[in-house]
Amino acid sequence: MQTKTNPRFIGLIMACLLPGSAHVMCGRWKIGVIWYFSLYALSCLGWFISSMPVSLPFAAFIVSQILLVSLFVIYFISLLVSSYRLTTPRLGYCGWFLFLLVALFVNITASDFFQLQVRAHICRHQMVTGLSMYPTLKPDTPNWDDQTMLSMLSYRFGDPCRGDIVGFYMRPLWQEPMYMYRRVAGLPGETIDICPPYVLINGEKLLDPPIFAKISLSEDGYSGYGSAEGMELEGITLPITLGIDEYFVLGDNSVESVDSRHFGPVPCEAIQGKVMRIVFPPWRIREL
């Protein structure tokens, strides 16, 4: 008895719901598995390129994103062409119901695992909250919070540099653990002090990279650096000499920021990555 097959366009529907499933239904399960996981491999490549530790010029970044989109378009067109085939067995109501359940389960399980690995080892998007890094990073700009790209790869190739905006978990004594973005001001082994509106490194004013001079001189909306004295939260005693694996981090908005002036140096192992760029909203996209 001849087995009933599904029309060729059914393979296209299957490809959209679960890439590679049309090939599996034809008995070519190895090819189907390759089609499915190649989608995640392509996505991983996109995340990797976007989070490379070498900062690209804005034009080069846009070109790289266009190329990535082109690769995805080529992938999906090739997938659809390859999936336009007769499939067996014939799917009835029960068959479609089971297929949708399998597609939903596989996609949710695989995508959750993939996103978890990407966020832990490659990069992640992080929404800006609070005013500690204002006006470099702005919440509610306007009506949109800045969204940033945090690269987990950056410090696998080197150590944090002065001027980097880093992401880290910290547990101040007075509150629950929280995730913070702050700018690296002091490097291991240096002696840090604050003589408003300047940060002093080994007794010298910190003016390089230029962002520190701009903040100290209250240019472009910045307000200079201040000590923790007179602020609501009690600060540490300055000057302080950093250990061999410690960094002194400060917020760009010194008046509002909770940073190393309050909770002390940040150990190297607490730093998860470097903030590479603002990726949303579109009118704020730029390198940091």
# chains A, B, ... in the order shown; residues from 1 in each chain; ligands from 1
>>> closest_atom_pairs(of="stretch 176-230 of chain A", to="stretch 107-126 of chain A", cutoff="12 Å", atoms="only C-alpha atoms", output="CSV")
residue,atom,partner,partner_atom,distance
A:Tyr179,CA,A:Gln126,CA,10.0
A:Met180,CA,A:Gln126,CA,10.4
A:Tyr181,CA,A:Gln126,CA,9.8
>>> select_by_dssp(residues="stretch 7-242 of chain A", states="strand (DSSP E)", output="number ranges by chain")
A: 123-127, 147-151, 165-170, 178-186, 191-195, 198-201, 204-205, 240-241
>>> residues_around(residues="stretch 250-252 of chain A", least_positions_apart="4", cutoff="8 Å", atoms="only C-alpha atoms", output="ChimeraX atom specification")
/A:132-136,181-185,215,222,257-261
>>> closest_residue(among="A:Met14, A:Leu206, A:Cys268, A:Leu217", to="A:Gly158", atoms="only C-alpha atoms")
A:Cys268
>>> select_by_dssp(residues="stretch 55-133 of chain A", states="alpha helix (DSSP H)", output="MDAnalysis selection string")
chainID A and resid 58:83 93:121
>>> closest_residue(among="A:Cys26, A:Ile49, A:Met152, A:Leu207", to="A:Leu67", atoms="only C-alpha atoms")
A:Ile49
>>> atom_distance(atom1="atom CA of A:Val69", atom2="atom CA of A:Ser43")
10.3 Å
>>> atom_distance(atom1="atom CA of A:Ala22", atom2="atom CA of A:Val73")
19.1 Å
>>> residues_around(residues="stretch 264-266 of chain A", least_positions_apart="3", cutoff="9 Å", atoms="only C-alpha atoms", output="number ranges by chain")
A: 168, 170, 186, 235-236, 240, 242-243, 245-249, 259-261, 269-271
>>> residues_around(residues="A:Ile10", least_positions_apart="2", cutoff="12 Å", atoms="only C-alpha atoms", output="list in words")
Thr5, Asn6, Pro7, Arg8, Leu12, Ile13, Met14, Ala15, Cys16, Leu17, Leu18, Ser21, Ala22, His23, Met25, Leu80, Ser83, Tyr84, Arg85, Leu86, Thr87, Thr88, Pro89, Arg90, Leu91, Gly92 and Trp96 of chain A
>>> atom_distance(atom1="atom CA of A:Leu39", atom2="atom CA of A:Ile74")
11.4 Å
>>> closest_residue(among="A:Ile211, A:Val275, A:Val166, A:Leu100", to="A:Ser50", atoms="only C-alpha atoms")
A:Val275
>>> closest_residue(among="A:Tyr169, A:Phe9, A:Tyr225, A:Trp35", to="A:Ser78", atoms="only C-alpha atoms")
A:Trp35
>>> residues_around(residues="A:Leu137", least_positions_apart="6", cutoff="9 Å", atoms="only C-alpha atoms", output="list in words")
Val128, Thr129, Leu131, Asp145, Asp146, Gln147, Thr148, Asp252 and Ile278 of chain A
>>> write_last_selection(atoms="N, CA and C atoms", output="mmCIF file, in the first residue's frame")
data_model
loop_
_atom_site.group_PDB
_atom_site.id
_atom_site.type_symbol
_atom_site.label_atom_id
_atom_site.label_comp_id
_atom_site.auth_asym_id
_atom_site.auth_seq_id
_atom_site.Cartn_x
_atom_site.Cartn_y
_atom_site.Cartn_z
ATOM 1 N N VAL A 128 19.921 50.048 31.022
ATOM 2 C CA VAL A 128 20.503 50.988 31.975
ATOM 3 C C VAL A 128 19.435 51.440 32.968
ATOM 4 N N THR A 129 19.772 51.363 34.244
ATOM 5 C CA THR A 129 18.876 51.861 35.291
ATOM 6 C C THR A 129 19.671 52.793 36.198
ATOM 7 N N LEU A 131 20.966 56.716 37.683
ATOM 8 C CA LEU A 131 21.637 57.886 37.119
ATOM 9 C C LEU A 131 23.139 57.908 37.377
ATOM 10 N N ASP A 145 14.875 53.599 27.825
ATOM 11 C CA ASP A 145 16.130 53.395 28.549
ATOM 12 C C ASP A 145 17.213 52.986 27.563
ATOM 13 N N ASP A 146 18.443 53.510 27.757
ATOM 14 C CA ASP A 146 19.562 53.043 26.952
ATOM 15 C C ASP A 146 19.758 51.549 27.170
ATOM 16 N N GLN A 147 20.014 50.829 26.085
ATOM 17 C CA GLN A 147 20.345 49.410 26.176
ATOM 18 C C GLN A 147 21.764 49.245 25.666
ATOM 19 N N THR A 148 22.592 48.529 26.411
ATOM 20 C CA THR A 148 24.007 48.425 26.091
ATOM 21 C C THR A 148 24.400 46.999 25.735
ATOM 22 N N ASP A 252 30.108 58.231 36.328
ATOM 23 C CA ASP A 252 30.337 59.514 35.660
ATOM 24 C C ASP A 252 29.537 60.641 36.299
ATOM 25 N N ILE A 278 26.279 51.467 23.045
ATOM 26 C CA ILE A 278 24.834 51.603 23.210
ATOM 27 C C ILE A 278 24.191 51.059 21.946
#
>>> closest_residue(among="A:Ser227, A:Thr241, A:Gln272, A:Thr191", to="A:Leu153", atoms="only C-alpha atoms")
A:Gln272
>>> closest_residue(among="A:Lys274, A:Lys30, A:Lys4, A:Arg284", to="A:Asp159", atoms="only C-alpha atoms")
A:Lys274
